[in-house]
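Reproduced below: structure-v1.txt, with compact mmCIF, C-alpha atoms and all ligand atoms.
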# COMPACT_ATOMS: atom_id res chain seq x y z
CA MET A 1 -0.91 22.33 -8.75
CA ASP A 2 -1.64 19.47 -11.17
CA LEU A 3 -2.81 16.43 -9.22
CA LYS A 4 -4.67 14.82 -12.15
CA MET A 5 -3.69 11.31 -13.14
CA THR A 6 -4.71 9.16 -16.09
CA VAL A 7 -4.53 5.39 -15.82
CA ALA A 8 -5.70 2.98 -18.54
CA GLY A 9 -7.40 5.88 -20.31
CA VAL A 10 -9.42 6.95 -17.25
CA THR A 11 -8.64 10.35 -15.68
CA PHE A 12 -8.77 10.84 -11.90
CA LYS A 13 -8.97 14.36 -10.43
CA ASN A 14 -6.28 13.36 -7.91
CA PRO A 15 -4.31 10.16 -7.17
CA LEU A 16 -6.10 9.23 -3.92
CA LEU A 17 -8.54 6.33 -4.01
CA ALA A 18 -10.61 4.68 -1.33
CA ALA A 19 -9.54 1.03 -1.46
CA SER A 20 -12.09 -1.75 -1.39
CA ALA A 21 -13.02 -2.37 2.26
CA ASN A 22 -15.80 -1.89 4.79
CA HIS A 23 -15.73 1.92 4.51
CA VAL A 24 -17.14 1.63 0.98
CA ARG A 25 -19.71 -1.07 1.71
CA GLY A 26 -23.32 0.01 1.14
CA ILE A 27 -24.79 3.31 0.11
CA GLU A 28 -24.24 5.46 3.24
CA ASN A 29 -20.57 4.56 3.51
CA THR A 30 -20.08 5.17 -0.20
CA GLN A 31 -21.70 8.60 0.16
CA ARG A 32 -19.28 9.61 2.92
CA VAL A 33 -16.28 8.42 0.96
CA VAL A 34 -17.28 9.98 -2.37
CA ARG A 35 -17.77 13.35 -0.65
CA SER A 36 -14.35 13.20 1.05
CA GLY A 37 -12.49 14.51 -2.01
CA VAL A 38 -11.01 11.22 -3.29
CA GLY A 39 -10.30 10.86 -7.00
CA GLY A 40 -11.75 7.35 -7.08
CA VAL A 41 -13.56 4.70 -5.09
CA VAL A 42 -13.09 0.95 -5.37
CA CYS A 43 -16.28 -0.58 -4.02
CA LYS A 44 -16.33 -3.38 -1.45
CA SER A 45 -15.74 -6.64 -3.33
CA VAL A 46 -18.78 -8.38 -4.74
CA THR A 47 -18.99 -12.18 -4.51
CA GLU A 48 -21.40 -15.03 -5.05
CA LEU A 49 -19.78 -16.95 -2.13
CA GLU A 50 -22.17 -16.85 0.83
CA GLY A 51 -19.46 -17.55 3.43
CA LEU A 52 -17.71 -14.29 2.55
CA ARG A 53 -20.75 -12.09 3.02
CA LYS A 54 -21.24 -12.46 6.77
CA SER A 55 -20.82 -8.94 8.17
CA GLU A 56 -21.65 -10.17 11.67
CA ASN A 57 -18.38 -12.12 11.73
CA ALA A 58 -16.24 -9.00 11.26
CA ARG A 59 -13.56 -8.40 13.94
CA PHE A 60 -10.93 -5.66 14.11
CA ALA A 61 -7.91 -5.34 16.41
CA ILE A 62 -5.96 -2.08 16.22
CA LEU A 63 -2.58 -2.70 17.85
CA ASP A 64 0.21 -0.39 18.93
CA GLU A 65 3.92 -0.71 18.07
CA TYR A 66 4.28 -3.51 20.67
CA HIS A 67 1.28 -5.36 19.21
CA ARG A 68 -0.88 -4.58 22.23
CA PRO A 69 -4.42 -3.21 21.79
CA CYS A 70 -4.64 0.57 21.31
CA GLN A 71 -6.61 2.26 24.05
CA GLY A 72 -7.69 5.78 23.20
CA LYS A 73 -4.61 6.67 21.17
CA ILE A 74 -3.61 5.24 17.83
CA PRO A 75 0.13 5.69 17.16
CA ARG A 76 1.58 6.55 13.76
CA MET A 77 2.84 2.97 13.31
CA TYR A 78 -0.26 1.02 14.22
CA THR A 79 -1.18 -2.48 13.09
CA PHE A 80 -4.60 -2.96 11.54
CA TYR A 81 -5.51 -6.60 12.10
CA SER A 82 -8.84 -7.65 10.65
CA ARG A 83 -11.00 -10.56 9.68
CA THR A 84 -14.20 -9.59 7.93
CA GLY A 85 -15.66 -11.44 4.96
CA SER A 86 -18.38 -8.81 4.64
CA MET A 87 -18.43 -8.68 0.86
CA GLU A 88 -21.55 -7.72 -1.08
CA HIS A 89 -24.15 -9.89 -2.80
CA PRO A 90 -24.37 -9.12 -6.54
CA ASP A 91 -28.13 -8.41 -6.34
CA ASP A 92 -27.83 -5.97 -3.36
CA TRP A 93 -24.91 -4.30 -5.04
CA LEU A 94 -26.76 -3.87 -8.33
CA ARG A 95 -29.79 -2.39 -6.55
CA ASP A 96 -27.67 0.45 -5.10
CA LEU A 97 -25.51 0.97 -8.18
CA PRO A 98 -27.45 3.76 -9.98
CA LEU A 99 -27.34 5.91 -6.84
CA LYS A 100 -23.62 5.28 -6.34
CA LEU A 101 -22.80 6.07 -9.97
CA LYS A 102 -24.85 9.29 -9.84
CA LEU A 103 -23.06 10.37 -6.67
CA ALA A 104 -19.68 9.58 -8.15
CA GLN A 105 -20.48 11.53 -11.29
CA GLU A 106 -21.66 14.58 -9.26
CA HIS A 107 -18.36 14.64 -7.39
CA ASN A 108 -16.15 13.77 -10.35
CA VAL A 109 -15.07 10.53 -8.68
CA VAL A 110 -14.23 7.39 -10.68
CA PHE A 111 -16.31 4.48 -9.40
CA ILE A 112 -14.50 1.13 -9.72
CA GLY A 113 -16.27 -2.20 -9.30
CA SER A 114 -14.42 -4.90 -7.33
CA ILE A 115 -14.96 -8.64 -7.82
CA ALA A 116 -13.85 -11.53 -5.60
CA ALA A 117 -15.72 -14.47 -7.07
CA GLY A 118 -15.22 -18.19 -6.56
CA LYS A 119 -16.38 -20.05 -9.64
CA PRO A 120 -15.06 -19.05 -13.11
CA GLU A 121 -18.62 -18.47 -14.38
CA SER A 122 -19.25 -16.07 -11.46
CA TRP A 123 -16.20 -13.94 -12.34
CA ILE A 124 -17.66 -13.60 -15.82
CA ALA A 125 -21.24 -12.97 -14.71
CA ILE A 126 -20.33 -10.28 -12.13
CA ALA A 127 -17.91 -8.54 -14.50
CA ARG A 128 -20.56 -8.49 -17.22
CA MET A 129 -23.16 -7.18 -14.75
CA MET A 130 -20.84 -4.32 -13.76
CA ALA A 131 -19.86 -3.34 -17.30
CA ASP A 132 -23.42 -3.58 -18.63
CA ASN A 133 -24.64 -1.25 -15.89
CA GLY A 134 -22.28 1.66 -16.48
CA VAL A 135 -19.28 0.90 -14.24
CA PRO A 136 -16.28 2.55 -15.96
CA MET A 137 -13.53 0.28 -14.59
CA ILE A 138 -13.26 -2.99 -12.63
CA GLU A 139 -10.75 -4.45 -10.22
CA LEU A 140 -10.32 -8.22 -9.93
CA ASN A 141 -9.42 -8.99 -6.34
CA LEU A 142 -6.89 -11.84 -6.58
CA GLY A 143 -5.29 -11.08 -3.27
CA CYS A 144 -7.64 -11.46 -0.28
CA PRO A 145 -5.57 -12.77 2.64
CA HIS A 146 -7.95 -15.64 3.34
CA TYR A 147 -6.68 -19.10 3.98
CA GLU A 148 -8.19 -22.55 4.28
CA LYS A 149 -11.86 -21.68 4.64
CA VAL A 150 -12.42 -20.27 1.19
CA ALA A 151 -12.79 -21.75 -2.25
CA GLU A 152 -9.50 -22.45 -4.04
CA GLY A 153 -10.85 -20.28 -6.82
CA MET A 154 -10.56 -16.96 -5.00
CA GLY A 155 -8.37 -14.67 -2.92
CA ALA A 156 -4.65 -15.12 -2.37
CA LEU A 157 -4.85 -18.85 -3.14
CA LEU A 158 -5.89 -17.88 -6.65
CA GLY A 159 -3.48 -14.94 -6.82
CA GLN A 160 -0.53 -17.22 -5.99
CA ASN A 161 -1.17 -19.37 -9.06
CA PRO A 162 -0.08 -17.66 -12.31
CA GLU A 163 -2.08 -19.98 -14.61
CA ALA A 164 -5.24 -19.60 -12.52
CA CYS A 165 -4.85 -15.78 -12.51
CA SER A 166 -4.44 -15.88 -16.25
CA ARG A 167 -7.59 -17.98 -16.74
CA VAL A 168 -9.73 -15.55 -14.69
CA ILE A 169 -8.39 -12.45 -16.43
CA THR A 170 -8.71 -13.93 -19.91
CA ALA A 171 -12.30 -14.95 -19.19
CA VAL A 172 -13.25 -11.51 -17.84
CA ARG A 173 -11.36 -9.73 -20.62
CA SER A 174 -13.36 -11.68 -23.21
CA VAL A 175 -16.69 -10.30 -21.93
CA VAL A 176 -15.93 -6.68 -20.97
CA LYS A 177 -14.39 -3.77 -22.85
CA ILE A 178 -13.84 -1.47 -19.85
CA PRO A 179 -10.35 -1.28 -18.26
CA VAL A 180 -9.51 -4.19 -15.97
CA ILE A 181 -7.25 -3.73 -12.93
CA VAL A 182 -5.85 -6.83 -11.25
CA LYS A 183 -5.24 -6.64 -7.50
CA LEU A 184 -2.34 -8.88 -6.51
CA THR A 185 -1.36 -10.68 -3.33
CA PRO A 186 2.04 -9.68 -1.87
CA GLN A 187 2.39 -13.14 -0.37
CA VAL A 188 4.37 -14.82 -3.15
CA ALA A 189 8.02 -15.59 -3.77
CA ASP A 190 8.03 -14.47 -7.39
CA LEU A 191 5.52 -11.75 -8.14
CA MET A 192 7.05 -10.87 -11.50
CA THR A 193 6.07 -14.20 -13.10
CA ILE A 194 2.49 -13.52 -12.02
CA VAL A 195 2.63 -9.92 -13.29
CA LYS A 196 3.84 -11.13 -16.68
CA MET A 197 0.94 -13.61 -16.93
CA VAL A 198 -1.48 -10.91 -15.78
CA GLN A 199 -0.24 -8.57 -18.50
CA GLU A 200 -0.37 -11.24 -21.22
CA ALA A 201 -3.93 -12.13 -20.18
CA GLY A 202 -5.01 -8.57 -20.94
CA ALA A 203 -4.99 -6.58 -17.67
CA ASP A 204 -4.76 -2.79 -18.08
CA ALA A 205 -3.28 -2.04 -14.64
CA ILE A 206 -2.25 -3.78 -11.41
CA THR A 207 -2.94 -2.98 -7.77
CA VAL A 208 0.10 -3.74 -5.63
CA SER A 209 -1.12 -5.07 -3.33
CA ASN A 210 -3.75 -6.57 -1.06
CA ARG A 211 -2.67 -7.40 2.51
CA PHE A 212 -0.56 -10.13 4.06
CA LEU A 213 -2.08 -12.93 6.12
CA GLY A 214 -0.83 -12.60 9.69
CA PHE A 215 -1.06 -14.14 13.14
CA ALA A 216 -1.05 -11.66 16.03
CA VAL A 217 -0.97 -13.08 19.56
CA ASP A 218 -2.89 -11.68 22.53
CA ILE A 219 -0.67 -12.81 25.44
CA GLU A 220 -3.25 -11.94 28.11
CA ASN A 221 -5.71 -14.46 26.71
CA GLY A 222 -3.33 -16.87 25.01
CA ARG A 223 -5.25 -16.53 21.76
CA PRO A 224 -4.82 -14.80 18.43
CA TYR A 225 -6.51 -11.40 18.18
CA THR A 226 -9.82 -11.63 16.25
CA GLY A 227 -9.75 -15.37 17.09
CA SER A 228 -7.94 -16.28 13.92
CA MET A 229 -5.27 -15.75 11.34
CA ALA A 230 -6.26 -12.51 9.67
CA GLY A 231 -5.31 -9.75 7.26
CA VAL A 232 -2.48 -7.68 8.69
CA GLY A 233 -1.07 -4.29 7.72
CA GLY A 234 -0.56 -0.71 8.72
CA PRO A 235 1.98 1.99 7.86
CA TRP A 236 4.94 -0.14 9.05
CA ILE A 237 4.35 -2.56 6.19
CA LYS A 238 5.22 0.04 3.53
CA PRO A 239 8.79 -1.19 2.80
CA LEU A 240 7.46 -4.68 2.00
CA THR A 241 4.75 -3.36 -0.30
CA GLN A 242 6.91 -0.69 -1.87
CA ARG A 243 9.55 -3.27 -2.70
CA TRP A 244 6.95 -4.95 -4.94
CA VAL A 245 5.71 -1.60 -6.28
CA ALA A 246 9.26 -0.64 -7.29
CA GLN A 247 9.97 -4.07 -8.79
CA CYS A 248 6.73 -3.98 -10.80
CA TYR A 249 7.48 -0.40 -11.94
CA LEU A 250 10.92 -1.45 -13.19
CA GLY A 251 9.84 -4.80 -14.63
CA SER A 252 6.42 -4.20 -16.19
CA PRO A 253 4.79 -1.57 -18.39
CA LEU A 254 1.46 -1.85 -16.51
CA PRO A 255 0.42 1.23 -14.52
CA ILE A 256 0.39 0.59 -10.77
CA LEU A 257 -2.19 1.39 -8.10
CA GLY A 258 -0.27 1.28 -4.80
CA SER A 259 -2.01 -0.09 -1.72
CA ASN A 260 -1.03 -1.49 1.66
CA GLY A 261 0.42 0.93 4.19
CA ALA A 262 -0.38 4.50 3.13
CA ALA A 263 -1.72 6.53 6.06
CA ASP A 264 -0.57 10.12 5.48
CA TRP A 265 0.62 12.44 2.70
CA SER A 266 4.28 11.40 2.97
CA ASP A 267 3.31 7.74 2.60
CA VAL A 268 1.46 8.64 -0.59
CA ILE A 269 4.56 10.41 -1.94
CA GLU A 270 6.65 7.34 -1.04
CA PHE A 271 4.30 5.05 -2.97
CA MET A 272 4.44 7.38 -5.99
CA MET A 273 8.21 7.63 -5.91
CA ALA A 274 8.32 3.81 -5.70
CA GLY A 275 6.28 3.68 -8.93
CA ALA A 276 2.55 3.91 -8.17
CA SER A 277 0.38 6.27 -10.23
CA LEU A 278 -2.66 6.03 -7.93
CA ILE A 279 -2.82 5.22 -4.22
CA GLN A 280 -5.58 3.21 -2.56
CA MET A 281 -6.27 3.60 1.16
CA ALA A 282 -8.43 1.49 3.45
CA GLY A 283 -7.16 1.18 7.06
CA ALA A 284 -6.29 4.85 7.59
CA PHE A 285 -9.59 5.91 6.05
CA MET A 286 -11.53 3.57 8.34
CA LEU A 287 -9.69 4.93 11.40
CA GLU A 288 -9.69 8.66 10.57
CA GLY A 289 -12.76 9.02 8.38
CA PRO A 290 -13.27 11.40 5.45
CA ARG A 291 -11.21 14.25 6.96
CA LEU A 292 -8.13 12.20 6.09
CA ILE A 293 -8.39 13.02 2.38
CA PRO A 294 -8.26 16.87 2.42
CA LYS A 295 -5.41 16.61 4.94
CA ILE A 296 -3.43 14.34 2.60
CA LEU A 297 -4.16 16.46 -0.47
CA GLU A 298 -2.93 19.59 1.37
CA GLY A 299 0.21 17.73 2.46
CA ILE A 300 0.97 16.58 -1.08
CA GLU A 301 0.47 20.07 -2.50
CA ALA A 302 2.69 21.65 0.16
CA PHE A 303 5.43 19.08 -0.48
CA MET A 304 5.31 19.55 -4.24
CA LYS A 305 5.45 23.32 -3.86
CA ARG A 306 8.40 23.10 -1.46
CA LYS A 307 10.29 20.79 -3.84
CA GLY A 308 9.31 22.67 -7.01
CA TYR A 309 7.36 19.85 -8.71
CA GLY A 310 4.61 21.04 -11.04
CA SER A 311 2.76 17.73 -11.46
CA VAL A 312 2.48 14.42 -9.63
CA ASN A 313 3.57 12.73 -12.87
CA GLU A 314 7.09 14.06 -12.27
CA ILE A 315 7.67 11.98 -9.17
CA ILE A 316 6.29 8.60 -10.23
CA GLY A 317 8.98 5.92 -10.06
CA MET A 318 11.78 8.38 -9.26
CA ALA A 319 13.05 6.33 -6.28
CA ALA A 320 12.66 3.03 -8.15
CA ARG A 321 14.80 4.37 -10.99
CA ALA A 322 17.42 5.56 -8.49
CA ALA A 323 17.75 2.11 -6.89
CA ILE A 324 21.14 0.50 -7.44
CA PRO A 325 20.95 -3.20 -8.38
CA TYR A 326 22.39 -5.45 -5.67
CA THR A 327 25.02 -6.78 -8.07
CA GLU A 328 26.26 -3.21 -8.67
CA LEU A 329 26.61 -2.19 -5.02
CA HIS A 330 30.36 -2.80 -5.06
CA ARG A 331 30.68 0.08 -7.53
CA LEU A 332 29.46 2.57 -4.92
CA PRO A 333 32.21 4.95 -3.75
CA VAL A 334 33.90 4.04 -0.46
CA GLN A 335 32.95 6.48 2.27
CA ARG A 336 34.00 7.53 5.77
CA MET A 337 32.13 9.43 8.43
CA ARG A 338 33.33 13.00 8.95
CA LEU A 339 32.77 14.61 12.33
CA ASP A 340 32.43 18.39 12.39
CA ARG A 341 34.02 19.55 15.66
CA GLY A 342 32.31 22.94 15.36
CA VAL A 343 28.87 21.33 15.33
CA CYS A 344 29.39 18.28 17.63
CA THR A 345 28.11 18.99 21.15
CA ARG A 346 30.30 16.21 22.64
CA CYS A 347 27.24 14.53 24.12
CA GLY A 348 28.90 11.11 23.64
CA ASN A 349 25.69 9.42 22.40
CA CYS A 350 27.45 7.89 19.40
CA LEU A 351 30.37 6.40 21.33
CA GLY A 352 28.93 2.90 21.84
CA ALA A 353 27.47 2.72 18.33
CA CYS A 354 30.39 1.61 16.19
CA TYR A 355 30.87 -2.10 15.52
CA TYR A 356 34.11 -1.28 13.66
CA GLY A 357 35.72 0.35 16.73
CA ALA A 358 36.10 3.67 14.93
CA LEU A 359 34.56 6.09 17.41
CA HIS A 360 36.78 7.17 20.32
CA GLN A 361 36.92 9.82 22.92
CA LYS A 362 40.09 11.92 23.05
CA GLY A 363 40.01 14.41 25.90
CA ASP A 364 36.53 15.85 25.69
CA GLU A 365 36.33 15.33 21.92
CA VAL A 366 34.93 12.46 19.86
CA ILE A 367 37.06 11.35 16.91
CA VAL A 368 36.39 9.05 13.96
CA GLY A 369 39.30 6.66 13.51
CA GLU A 370 40.81 4.96 10.45
CA SER A 371 38.71 1.79 10.89
CA CYS A 372 35.53 3.64 9.89
CA VAL A 373 33.87 1.97 6.88
CA GLY A 374 31.14 4.58 6.48
CA CYS A 375 28.28 2.25 7.43
CA GLU A 376 26.22 5.19 8.80
CA LEU A 377 24.99 3.33 11.90
CA CYS A 378 26.27 6.09 14.21
CA LEU A 379 24.01 8.64 12.48
CA ALA A 380 21.04 7.08 14.24
CA PHE A 381 22.53 7.94 17.64
CA CYS A 382 23.47 11.55 16.94
CA PRO A 383 20.92 14.17 17.99
CA THR A 384 22.81 17.05 16.34
CA PRO A 385 22.15 17.60 12.63
CA GLY A 386 25.37 18.15 10.69
CA ALA A 387 27.71 16.79 13.40
CA LEU A 388 28.26 13.55 11.43
CA THR A 389 28.32 13.47 7.62
CA PRO A 390 29.24 10.54 5.37
CA GLU A 391 31.82 11.52 2.73
CA ALA A 392 33.05 9.65 -0.34
CA ILE A 393 36.83 9.11 -0.23
CA ASP A 394 37.58 7.99 -3.78
C1 LIG A 401 -11.43 -4.37 6.86
C2 LIG A 401 -10.86 -4.54 5.50
C3 LIG A 401 -11.65 -5.11 4.48
C4 LIG A 401 -11.13 -5.26 3.21
N1 LIG A 401 -11.89 -5.78 2.21
C5 LIG A 401 -11.41 -5.88 0.95
C6 LIG A 401 -12.23 -6.33 -0.12
O1 LIG A 401 -13.41 -6.63 0.04
N2 LIG A 401 -11.67 -6.40 -1.35
C7 LIG A 401 -10.36 -6.04 -1.60
O2 LIG A 401 -9.92 -6.10 -2.75
N3 LIG A 401 -9.58 -5.62 -0.60
C8 LIG A 401 -10.07 -5.53 0.66
N4 LIG A 401 -9.27 -5.04 1.67
C9 LIG A 401 -7.88 -4.64 1.36
C10 LIG A 401 -7.82 -3.14 1.09
O3 LIG A 401 -8.52 -2.82 -0.09
C11 LIG A 401 -6.38 -2.62 0.96
O4 LIG A 401 -5.80 -3.16 -0.19
C12 LIG A 401 -5.53 -2.99 2.16
O5 LIG A 401 -6.23 -2.77 3.36
C13 LIG A 401 -4.21 -2.22 2.19
O6 LIG A 401 -4.41 -0.86 2.25
P1 LIG A 401 -4.32 0.00 3.61
O7 LIG A 401 -2.94 -0.15 4.15
O8 LIG A 401 -4.66 1.39 3.17
O9 LIG A 401 -5.35 -0.57 4.56
C14 LIG A 401 -9.79 -4.87 2.95
C15 LIG A 401 -9.01 -4.31 3.97
C16 LIG A 401 -9.53 -4.15 5.23
C17 LIG A 401 -8.67 -3.54 6.30
S1 LIG A 402 30.03 5.25 9.94
FE1 LIG A 402 29.94 3.17 10.79
S2 LIG A 402 32.08 2.56 10.84
FE2 LIG A 402 32.12 4.79 10.65
S3 LIG A 402 32.16 5.57 12.70
FE3 LIG A 402 30.02 5.47 12.17
S4 LIG A 402 29.37 3.47 12.94
FE4 LIG A 402 31.59 3.43 12.86
S1 LIG A 403 26.32 11.94 19.03
FE1 LIG A 403 26.72 13.60 17.60
S2 LIG A 403 26.84 15.42 18.84
FE2 LIG A 403 27.03 13.67 20.23
S3 LIG A 403 29.22 13.31 20.38
FE3 LIG A 403 28.53 12.03 18.75
S4 LIG A 403 28.80 13.27 16.91
FE4 LIG A 403 28.92 14.65 18.65
Have the structure of the file written as structure tokens, please.
Amino acid sequence: MDLKMTVAGVTFKNPLLAASANHVRGIENTQRVVRSGVGGVVCKSVTELEGLRKSENARFAILDEYHRPCQGKIPRMYTFYSRTGSMEHPDDWLRDLPLKLKLAQEHNVVFIGSIAAGKPESWIAIARMMADNGVPMIELNLGCPHYEKVAEGMGALLGQNPEACSRVITAVRSVVKIPVIVKLTPQVADLMTIVKMVQEAGADAITVSNRFLGFAVDIENGRPYTGSMAGVGGPWIKPLTQRWVAQCYLGSPLPILGSNGAADWSDVIEFMMAGASLIQMAGAFMLEGPRLIPKILEGIEAFMKRKGYGSVNEIIGMAARAAIPYTELHRLPVQRMRLDRGVCTRCGNCLGACYYGALHQKGDEVIVGESCVGCELCLAFCPTPGALTPEAID
């Protein structure tokens, strides 16, 4: 099975990357991640801003589907709520770099440097330091979900300003020749204007996206979890991220690194079908550890085999291309729900489901009446596969 992927001229042995976060901070964590089987590692962001390097301030709250703290069991749709600011100092980072690069090379893993600087001159200095010391690719983090406490020149505040993004990228582009990835914030009204500026400023690829800024309330204590507004995400956030991934895939020629919500192999396939060539993972990796990666790779291979795909390249953007523009929806064929009496068990579960008054009971049978508009809501109530099937009627 061909899992190889080339982005901006750099080839990855598979499309799974460890995203920039605490699991890739420092040498021991990097070792664990590199050995997990990932195709690439984006290091924890490097910054000159002292306030963002305080590891002792890190707080995590892992919440269940009701936004209550998980106790012993993490559900599939968890929320990862975190406030960290434990970025790396350029000098510490540089000290460990030769060891990290050697490790990455031994395991055929692409090592990507991540920058989240404040001042324009620091973006340039850190980028130059990375490129001059053998880093093959860098990611500019323009999407950290920080709010008022950080310099205007960094994080989502910077990523929300197309001209400011452009200035940073142009400056970095002028001092390094290696490929530059720009990591975007999802928290904007019009991402495509930013993506256009990012492309014109010379980016080679985009990461879509960093996390949203959230506010999660602990009702027992009447306070926000982690004591603050914080980065929020988890697998449930996929449709919001994938909307941007698909829009960027359709509206920009830049290759996409998908991030924000992937936790298992099927999530990775979703991101690829939405348009991402590579997938970055942070939260799930931090919760499950390195065993996550072989599990995901096995899942992807099994899926591709079952569906008859020979290479991951075949599936990239397939769902984005299939999306019907909103203005064209009226051209869709009209449909009605067909009920197969031979399959229906007459359990009655669907009877209260129809807002169009189309589902009735006649004797012991359920019938679909003329007022059915084919909205498919009743499908969610039916436990019997094949009992209800939408059918085009023109
Ligand atoms: C604890 C934590 C720390 C993070 N630190 C960084 C960072 O330093 N730089 C960065 O670009 N993104 C950072 N991120 C964002 C992740 O790289 C990733 O884009 C995001 O978590 C979404 O992916 P996920 O759903 O796999 O967690 C961090 C995320 C978490 C959870
Ligand atoms: S498809 Fe919609 S309109 Fe038709 S029966 Fe089901 S719920 Fe009612
Ligand atoms: S829920 Fe499904 S199986 Fe049950 S009555 Fe309705 S169509 Fe039949």
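When only C-alpha atoms are used to compute distances to A:Lys102, the closest of the residues A:Ser20, A:Thr170, A:Thr30, A:Thr241 turns out to be A:Thr30.
For ligand LIG 403 (chain A), the neighbouring polymer residues at 8 Å or closer are A:Leu339, A:Asp340, A:Arg341, A:Val343, A:Cys344, A:Thr345, A:Arg346, A:Cys347, A:Gly348, A:Asn349, A:Cys350, A:Leu351, A:Glu365, A:Val366, A:Cys378, A:Leu379, A:Phe381, A:Cys382, A:Pro383, A:Thr384, A:Pro385, A:Ala387, A:Leu388, all atoms listed in the file being used.
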Contacts of A:Tyr356 within 8 Å, only C-alpha atoms, excl. fewer than 6 positions in-chain, as a list in words: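 My list of contacting residues is Ser371, Cys372 and Val373 of chain A.
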Kindly save the residues from that selection, with C-alpha atoms included, as a PDB file, in the coordinates of the input.
ATOM      1  CA  SER A 371      38.710   1.790  10.890  1.00  0.00           C
ATOM      2  CA  CYS A 372      35.530   3.640   9.890  1.00  0.00           C
ATOM      3  CA  VAL A 373      33.870   1.970   6.880  1.00  0.00           C
TER       4      VAL A 373
END
Which residues form the shell of 9 Å around ligand LIG 402 (chain A) when you count all atoms listed in the file, given as a ChimeraX atom specification? /A:335-338,350-359,367-379,388-390
Where is the centre and how long are the edges: axis-aligned box on stretch 297-303 of chain A, 6 Å on each side, Å to one decimal, as JSON:
{"center_x": 0.6, "center_y": 19.1, "center_z": 0.0, "size_x": 21.6, "size_y": 17.2, "size_z": 17.0}
So which residues touch A:Ile126 within 8 Å, counting only C-alpha atoms, skipping near sequence neighbours fewer than 4 positions away, as JSON, numbers by chain? {"A": [46, 47, 90, 115, 122, 130]}
Atom CA of A:Thr327 and atom CA of A:Pro239 are how many Å apart? 20.3 Å
Give me the residues near stretch 22-25 of chain A as a PyMOL selection string, where near means some atom within 7 Å (using only C-alpha atoms) and where sequence neighbours in that chain fewer than 4 positions away do not count. chain A and resi 29-30+33+43-44+286
Two-atom distance - atom CA of A:Asn14, atom CA of A:Tyr249 (Å): 19.9 Å
Which of these residues is nearest to ligand LIG 401 (chain A), using only C-alpha atoms and all ligand atoms: A:Gln361, A:Thr84, A:Ser174, A:Asn313?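 Distance minimum relative to ligand LIG 401 (chain A) lands on A:Thr84.
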Of the listed residues A:Ala201, A:Val232, A:Met137, A:Val41, that which approaches A:Ala104 most closely, counting all atoms listed in the file: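 The answer is A:Val41, which sits nearest to A:Ala104.
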Atom-to-atom span, atom P1 of ligand LIG 401 (chain A) and atom CA of A:Ser86, Å: 16.6 Å
Show me the residues close to (7.6, 0.1, -7.5) - anything with an atom within 8 Å, counting all atoms listed in the file - and format the list as a CSV table (one decimal) with C-alpha atoms, in the frame of the given file.
chain,number,residue,atom,x,y,z
A,242,GLN,CA,6.9,-0.7,-1.9
A,243,ARG,CA,9.6,-3.3,-2.7
A,244,TRP,CA,7.0,-5.0,-4.9
A,245,VAL,CA,5.7,-1.6,-6.3
A,246,ALA,CA,9.3,-0.6,-7.3
A,247,GLN,CA,10.0,-4.1,-8.8
A,248,CYS,CA,6.7,-4.0,-10.8
A,249,TYR,CA,7.5,-0.4,-11.9
A,250,LEU,CA,10.9,-1.4,-13.2
A,256,ILE,CA,0.4,0.6,-10.8
A,271,PHE,CA,4.3,5.0,-3.0
A,273,MET,CA,8.2,7.6,-5.9
A,274,ALA,CA,8.3,3.8,-5.7
A,275,GLY,CA,6.3,3.7,-8.9
A,276,ALA,CA,2.6,3.9,-8.2
A,317,GLY,CA,9.0,5.9,-10.1
A,320,ALA,CA,12.7,3.0,-8.2
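Proximity to A:Ser252 was assessed for A:Glu200, A:Ala171, A:Cys165, A:Leu158 counting only C-alpha atoms; the smallest distance is recorded for A:Glu200.
Those DNA, RNA and protein residues that approach the point (1.1, 18.3, -17.3) to within 10 Å, considering only C-alpha atoms, are Met1, Asp2, Leu3, Lys4, Met5, Gly310, Ser311, Val312, Asn313 and Glu314 of chain A.
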